[in-house]
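Colleague: A single structure is presented below for examination.
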Amino acid sequence: MAFFSNENPIRKRFAANTGWLIAQSVFQYVLSAVIGILAARFLGPSNYGILGYGASLMAFFGAFASLGFNNIQITNMVESPEDTGGIIGTALVLRLIASSISVLGIALAAMIARPGDKVLLIVTVLQSLQLILQSFDALRLWFQMKLMSKYTAIGSIIGNIACSAWRIVLLIQGAGVEWFALTSVVQMLTNYLFVTPLFFAKAKTRLWVSFSVTKRLFARSWHFILSNLTQAVTAHFGRLVLSGSLGDASLGYYNAAYTIATMWLFVPLAVVDSALPVLLQTKKNNPEAFRPRYQLMLMLVLGIGVCAGIGLSVLAPWIVWLLYGETYAPAANVLRVIAWIGIFSNIGSARGIYIQAEDRQSAVKYISLITALITIGLNVVLIPRFGLNGAAAACLLSFLAESMLATSIVPGTRPYLKLYFGSFRTLYEAARNWIRNRKAKGGKPA
């Protein structure tokens with residue numbers, strides 16, 4: 001396949017872009033994991049659970065704050081490059097408005113959920129300020145479209161250094177949980193103070209706001225708004241139920257296990273993010289090449305998921321003890337179960353490329369709605385009966401339902417599963433052809 005030849009310039013840009021995304025994420029997760037784990041040890045399961053409760057509340061409103069634009073902005077810029085300035089400018093302004101409203105909504109939700117709990121109110125409001133800064137993702141997506149993610153990677157690295165320095169100061173000072181709630185705000189503020197001027201220097205694009213662009217964005221994004229909201233239900237409803245049933249400490253154990261189970265997902269996500277603009281361009285300019293290239297990417301992220309699942313489930317007790325200490329020992333059994341969610345998460349992430357390439361955005365809301373209903377039912381039934389283990393089982397089954405069951409139910413995405421399982425044959429044929437070519441050239445298969 002010509003795309004994978006060493007002489008292909010697009011392949012080189014894709015590889016370099018993916019490398020930068022992975023390098024940024026490796027640095028980010030290693031640094032954040034080390035300092036974050038120290039913070040979790042310092043705060044203890046209960047205070048760590050309070051931070052998790054606030055993050056869960058924020059996730060519901062964050063689905064509205066992003067307006068679903070992350071999912072469709074690149075597609076619009078690829079389709080209408082002459083309107084890039086209007087697409088970015090309009091997305092930025094609309095997201096700033098939506099995120100400001102979301103901050104107010106989060107404060108109100110915290111007061112209703114736990115009346116009189118001033119600590120929770122302060123924590124959630126401080127955490128929610130990051131939603132306003134996330135609006136500047138509208139600029140970051142331009143770098144992703146241009147396969148220039150090394151610049152946003154550098155910004156992210158700077159932000160993570162600032163974030164880690166902030167946490168270290170808090171640990172030294174013995175600060176309260178409220179100050180830790182500002183961690184993500186410090187990280188994003190530093191990041192976008194670097195990325196924003198760099199965008200204007202590199203893009204040389206005048207930003208503008210257009211009502212016609214607004215209509216065009218919302219014509220596609222409203223599917224993703226509903227999808228993101230129901231995804232928030234899928235990811236965080238169980239945590240709220242767990243905290244309400246068993247207390248903040250149980251949520252602290254669960255969040256520790258979930259953090260470990262998902263800390264490697266940046267690798268397949270970087271592959272998918274970097275492949276998105278390349279595959280969309282392929283679909284537009286060379287439709288016949290889209291399927292085999294897409295299927296090889298699917299097999300790559302599957303292989304990563306299988307390796308991670310085996311390693312985490314086998315080593316769960318030692319990983320929890322090493323990272324979080326004996327205090328978080330109950331998290332080990334949770335980790336053994338949810339170690340496998342990455343496989344199904346990757347299926348869902350990669351499905352996003354198919355949905356955009358085939359213009360099946362309307363299917364997203366149905367998949368998410370089906371998954372949310374299943375998730376609510378699983379958590380309501382399993383958590384009261386089985387506690388932490390029930391939360392872990394509900395989490396894994398929810399990811400399975402989202403990636404397989406819901407995808408097979410919705411007509412618009414059924415062909416994706418056929419494409420996905422057909423990837424196994426594509427991988428086999430590609431490997432067989434490679435071996436034949438090696439033999440034909442007189443070499444030995446590696």
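In the structure tokens, chains take the letters A, B, ... in the order shown, each chain's residues start at 1, and ligands count up from 1 in the order shown.
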Within 12 Å of region 277-281 of chain A, which residues of region 352-388 of chain A show up? Give each one with its shortest atom-to-atom distance in Å (one decimal) and the two atoms involved, counting only C-alpha atoms, rows by chain then rising residue number, as CSV.

Modeller:
```
residue,atom,partner,partner_atom,distance
A:Gly352,CA,A:Leu280,CA,11.2
A:Ile353,CA,A:Leu280,CA,7.7
A:Tyr354,CA,A:Leu280,CA,9.1
A:Ile355,CA,A:Leu280,CA,10.6
A:Gln356,CA,A:Leu280,CA,7.9
A:Ala357,CA,A:Leu280,CA,5.9
A:Glu358,CA,A:Leu280,CA,9.6
A:Asp359,CA,A:Leu280,CA,10.8
```

Colleague: Could you dump the residues just selected with N, CA and C atoms as a CSV table (one decimal), in the first residue's frame?

Modeller:
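Saved as again-v2.csv:
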```
chain,number,residue,atom,x,y,z
A,352,GLY,N,-15.6,7.1,15.4
A,352,GLY,CA,-15.8,8.5,15.1
A,352,GLY,C,-15.4,8.9,13.7
A,353,ILE,N,-14.3,8.3,13.3
A,353,ILE,CA,-13.7,8.6,11.9
A,353,ILE,C,-14.7,8.1,10.9
A,354,TYR,N,-15.3,6.9,11.1
A,354,TYR,CA,-16.2,6.3,10.1
A,354,TYR,C,-17.5,7.2,10.1
A,355,ILE,N,-17.9,7.6,11.2
A,355,ILE,CA,-19.2,8.5,11.3
A,355,ILE,C,-19.0,9.8,10.5
A,356,GLN,N,-17.8,10.4,10.7
A,356,GLN,CA,-17.6,11.6,9.9
A,356,GLN,C,-17.3,11.4,8.5
A,357,ALA,N,-16.6,10.3,8.1
A,357,ALA,CA,-16.3,10.1,6.7
A,357,ALA,C,-17.6,9.7,5.9
A,358,GLU,N,-18.5,9.0,6.6
A,358,GLU,CA,-19.8,8.6,5.9
A,358,GLU,C,-20.9,9.6,6.2
A,359,ASP,N,-20.6,10.7,6.9
A,359,ASP,CA,-21.6,11.7,7.3
A,359,ASP,C,-22.8,11.1,8.0
```

Colleague: Give me the residues near Gly305 (chain A) as a list in words, where near means some atom within 12 Å (using only C-alpha atoms) and where sequence neighbours in that chain fewer than 4 positions away do not count.

Modeller: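 Using only C-alpha atoms, the neighbours found are Ala261, Thr262, Met263, Trp264, Leu265, Phe266, Val267, Pro268, Leu269, Leu298, Met299, Leu300, Val301, Gly309, Ile310, Gly311, Leu312, Ala339, Trp340, Ile341, Gly342, Ile343, Phe344, Ser345, Asn346 and Ile347 of chain A.
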
Colleague: Write out the residues from the selection above, keeping C-alpha atoms, as a tab-separated table (two decimals), in the first residue's frame.

Modeller:
```tsv
chain	number	residue	atom	x	y	z
A	261	ALA	CA	-7.04	1.77	33.76
A	262	THR	CA	-7.21	4.73	31.39
A	263	MET	CA	-3.78	6.34	31.76
A	264	TRP	CA	-2.50	4.57	28.63
A	265	LEU	CA	-5.41	5.56	26.36
A	266	PHE	CA	-3.46	8.55	25.08
A	267	VAL	CA	-1.55	6.20	22.75
A	268	PRO	CA	-4.48	4.89	20.66
A	269	LEU	CA	-6.22	8.26	20.95
A	298	LEU	CA	-8.36	-0.30	13.71
A	299	MET	CA	-6.11	-3.32	14.19
A	300	LEU	CA	-3.33	-1.17	15.56
A	301	VAL	CA	-5.47	0.31	18.33
A	309	GLY	CA	-5.78	-5.16	29.38
A	310	ILE	CA	-3.67	-8.24	30.07
A	311	GLY	CA	-0.94	-6.31	31.86
A	312	LEU	CA	-3.23	-4.24	34.09
A	339	ALA	CA	-8.60	-2.91	32.87
A	340	TRP	CA	-10.42	-4.13	29.75
A	341	ILE	CA	-12.47	-1.02	29.03
A	342	GLY	CA	-9.69	0.33	26.81
A	343	ILE	CA	-10.45	-2.21	24.07
A	344	PHE	CA	-14.05	-1.05	23.82
A	345	SER	CA	-13.14	2.60	24.29
A	346	ASN	CA	-10.80	2.35	21.29
A	347	ILE	CA	-13.57	0.82	19.18
```

Colleague: Counting only C-alpha atoms, give me one row per residue of region 325-376 of chain A with an atom at most 9 Å from an atom of region 234-253 of chain A, showing the shortest contact pair and its distance in Å to one decimal, sorted by chain then residue number, as a Markdown table.

Modeller:
```
| residue | atom | partner | partner_atom | distance |
| --- | --- | --- | --- | --- |
| A:Tyr328 | CA | A:Tyr253 | CA | 5.9 |
| A:Ala329 | CA | A:Tyr253 | CA | 8.0 |
| A:Pro330 | CA | A:Tyr253 | CA | 6.4 |
| A:Ala331 | CA | A:Tyr253 | CA | 4.9 |
| A:Ala332 | CA | A:Tyr253 | CA | 8.7 |
| A:Val334 | CA | A:Tyr253 | CA | 8.3 |
| A:Ser368 | CA | A:Thr234 | CA | 8.3 |
| A:Thr371 | CA | A:Thr234 | CA | 6.8 |
| A:Ala372 | CA | A:Thr234 | CA | 5.1 |
| A:Leu373 | CA | A:Thr234 | CA | 8.3 |
| A:Ile374 | CA | A:Thr234 | CA | 8.5 |
| A:Thr375 | CA | A:Thr234 | CA | 5.6 |
| A:Ile376 | CA | A:Phe237 | CA | 6.9 |
```

Colleague: So that I can check the surroundings of Trp208 (chain A), please list as a PDB file with C-alpha atoms, in the first residue's frame every protein, DNA and RNA residue that reaches within 12 Å of it, counting only C-alpha atoms and ignoring chain neighbours fewer than 2 positions away.

Modeller:
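What landed in result-v9.pdb:
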```pdb
ATOM      1  CA  ASP A  83     -13.998  29.654   5.716  1.00  0.00           C
ATOM      2  CA  THR A  84     -11.387  28.500   8.236  1.00  0.00           C
ATOM      3  CA  GLY A  85     -11.172  31.898   9.952  1.00  0.00           C
ATOM      4  CA  GLY A  86     -14.950  32.078  10.339  1.00  0.00           C
ATOM      5  CA  ILE A  87     -15.241  28.500  11.560  1.00  0.00           C
ATOM      6  CA  ILE A  88     -12.576  28.976  14.241  1.00  0.00           C
ATOM      7  CA  GLY A  89     -13.782  32.435  15.300  1.00  0.00           C
ATOM      8  CA  THR A  90     -17.428  31.421  15.488  1.00  0.00           C
ATOM      9  CA  ALA A  91     -16.647  28.234  17.394  1.00  0.00           C
ATOM     10  CA  LEU A  92     -14.493  30.145  19.890  1.00  0.00           C
ATOM     11  CA  VAL A  93     -17.106  32.810  20.671  1.00  0.00           C
ATOM     12  CA  LEU A  94     -19.977  30.349  20.972  1.00  0.00           C
ATOM     13  CA  THR A 205      -5.822  33.808   9.584  1.00  0.00           C
ATOM     14  CA  ARG A 206      -8.223  36.582  10.506  1.00  0.00           C
ATOM     15  CA  SER A 210     -20.733  34.455  11.065  1.00  0.00           C
ATOM     16  CA  PHE A 211     -24.372  33.539  11.547  1.00  0.00           C
ATOM     17  CA  SER A 212     -24.239  31.281   8.485  1.00  0.00           C
ATOM     18  CA  VAL A 213     -21.238  29.436   9.934  1.00  0.00           C
ATOM     19  CA  THR A 214     -23.114  29.139  13.238  1.00  0.00           C
TER      20      THR A 214
END
```

Colleague: What is the distance between CA of Ala40 (chain A) and CA of Tyr53 (chain A), in Å to one decimal?

Modeller: 14.2 Å

Colleague: What does the structure give for the distance between CA of Ile367 (chain A) and CA of Phe61 (chain A), in Å to one decimal?

Modeller: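 Computing the Euclidean distance for CA of Ile367 (chain A) and CA of Phe61 (chain A) yields 19.6 Å.
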
Colleague: If we count only C-alpha atoms, what is near Arg220 (chain A) at a cut-off of 8 Å, once residues fewer than 6 positions away on the same chain are taken out, given as a ChimeraX atom specification?

Modeller: /A:72,361-362

Colleague: How about saving the chosen residues, C-alpha atoms kept, as a PDB file, in the first residue's frame?

Modeller:
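Dumped to out_0.pdb:
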```
ATOM      1  CA  ILE A  72     -17.063  18.495  13.627  1.00  0.00           C
ATOM      2  CA  GLN A 361     -23.521  12.169  12.651  1.00  0.00           C
ATOM      3  CA  SER A 362     -27.197  11.582  13.381  1.00  0.00           C
TER       4      SER A 362
END
```

Colleague: If you measure from CA of Phe399 (chain A) to CA of Leu369 (chain A), what distance in Å do you get, rounded to one decimal?

Modeller: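 A separation of 13.1 Å between them.
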
Colleague: So which bits of region 312-368 of chain A end up helix (DSSP H, G or I) when you DSSP the backbone, as a count of residues only?

Modeller: 48

Colleague: Calculated over only C-alpha atoms, which of the candidates A:Leu322, A:Cys395, A:Val337, A:Ala431 has the smallest distance to Ile37 (chain A)?

Modeller: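 So, comparing all the options, the nearest one is A:Leu322.
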
Colleague: Can you tell me, as an NGL selection string, what residues are no more than 8 Å from Thr124 (chain A) when counting only C-alpha atoms, ignoring any on the same chain fewer than 3 positions away?

Modeller: :A and (51 or 54-55 or 57-58 or 106-107 or 110 or 120-121 or 127-128 or 181)

Colleague: Those selected residues, please, written with N, CA and C atoms and delivered as a PDB file, in the first residue's frame.

Modeller:
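Contents of out-v5.pdb, as written:
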```pdb
ATOM      1  N   LEU A  51     -13.019  15.565  45.079  1.00  0.00           N
ATOM      2  CA  LEU A  51     -12.559  16.082  43.795  1.00  0.00           C
ATOM      3  C   LEU A  51     -13.218  15.317  42.641  1.00  0.00           C
ATOM      4  N   GLY A  54     -16.872  16.442  42.266  1.00  0.00           N
ATOM      5  CA  GLY A  54     -16.947  17.717  41.551  1.00  0.00           C
ATOM      6  C   GLY A  54     -16.675  17.556  40.068  1.00  0.00           C
ATOM      7  N   ALA A  55     -15.713  16.700  39.728  1.00  0.00           N
ATOM      8  CA  ALA A  55     -15.388  16.460  38.318  1.00  0.00           C
ATOM      9  C   ALA A  55     -16.558  15.802  37.597  1.00  0.00           C
ATOM     10  N   LEU A  57     -19.809  16.165  38.369  1.00  0.00           N
ATOM     11  CA  LEU A  57     -20.807  17.207  38.122  1.00  0.00           C
ATOM     12  C   LEU A  57     -20.407  18.071  36.935  1.00  0.00           C
ATOM     13  N   MET A  58     -19.118  18.408  36.875  1.00  0.00           N
ATOM     14  CA  MET A  58     -18.631  19.256  35.788  1.00  0.00           C
ATOM     15  C   MET A  58     -18.774  18.565  34.438  1.00  0.00           C
ATOM     16  N   ILE A 106     -23.194  24.660  37.069  1.00  0.00           N
ATOM     17  CA  ILE A 106     -22.481  23.747  37.966  1.00  0.00           C
ATOM     18  C   ILE A 106     -22.623  24.193  39.414  1.00  0.00           C
ATOM     19  N   ALA A 107     -22.490  25.496  39.653  1.00  0.00           N
ATOM     20  CA  ALA A 107     -22.644  26.019  41.015  1.00  0.00           C
ATOM     21  C   ALA A 107     -24.038  25.723  41.557  1.00  0.00           C
ATOM     22  N   ALA A 110     -24.401  21.955  42.369  1.00  0.00           N
ATOM     23  CA  ALA A 110     -23.703  21.570  43.600  1.00  0.00           C
ATOM     24  C   ALA A 110     -24.523  21.942  44.827  1.00  0.00           C
ATOM     25  N   LEU A 120     -17.713  21.280  48.923  1.00  0.00           N
ATOM     26  CA  LEU A 120     -18.053  20.766  47.593  1.00  0.00           C
ATOM     27  C   LEU A 120     -18.381  21.901  46.637  1.00  0.00           C
ATOM     28  N   LEU A 121     -19.112  22.911  47.105  1.00  0.00           N
ATOM     29  CA  LEU A 121     -19.471  24.038  46.249  1.00  0.00           C
ATOM     30  C   LEU A 121     -18.233  24.762  45.747  1.00  0.00           C
ATOM     31  N   GLN A 127     -13.149  24.037  39.912  1.00  0.00           N
ATOM     32  CA  GLN A 127     -12.875  23.079  38.834  1.00  0.00           C
ATOM     33  C   GLN A 127     -13.525  23.502  37.525  1.00  0.00           C
ATOM     34  N   SER A 128     -14.718  24.063  37.611  1.00  0.00           N
ATOM     35  CA  SER A 128     -15.484  24.387  36.406  1.00  0.00           C
ATOM     36  C   SER A 128     -14.885  25.532  35.595  1.00  0.00           C
ATOM     37  N   ALA A 181      -8.320  21.902  43.568  1.00  0.00           N
ATOM     38  CA  ALA A 181      -9.348  22.002  42.533  1.00  0.00           C
ATOM     39  C   ALA A 181      -8.935  22.935  41.399  1.00  0.00           C
TER      40      ALA A 181
END
```
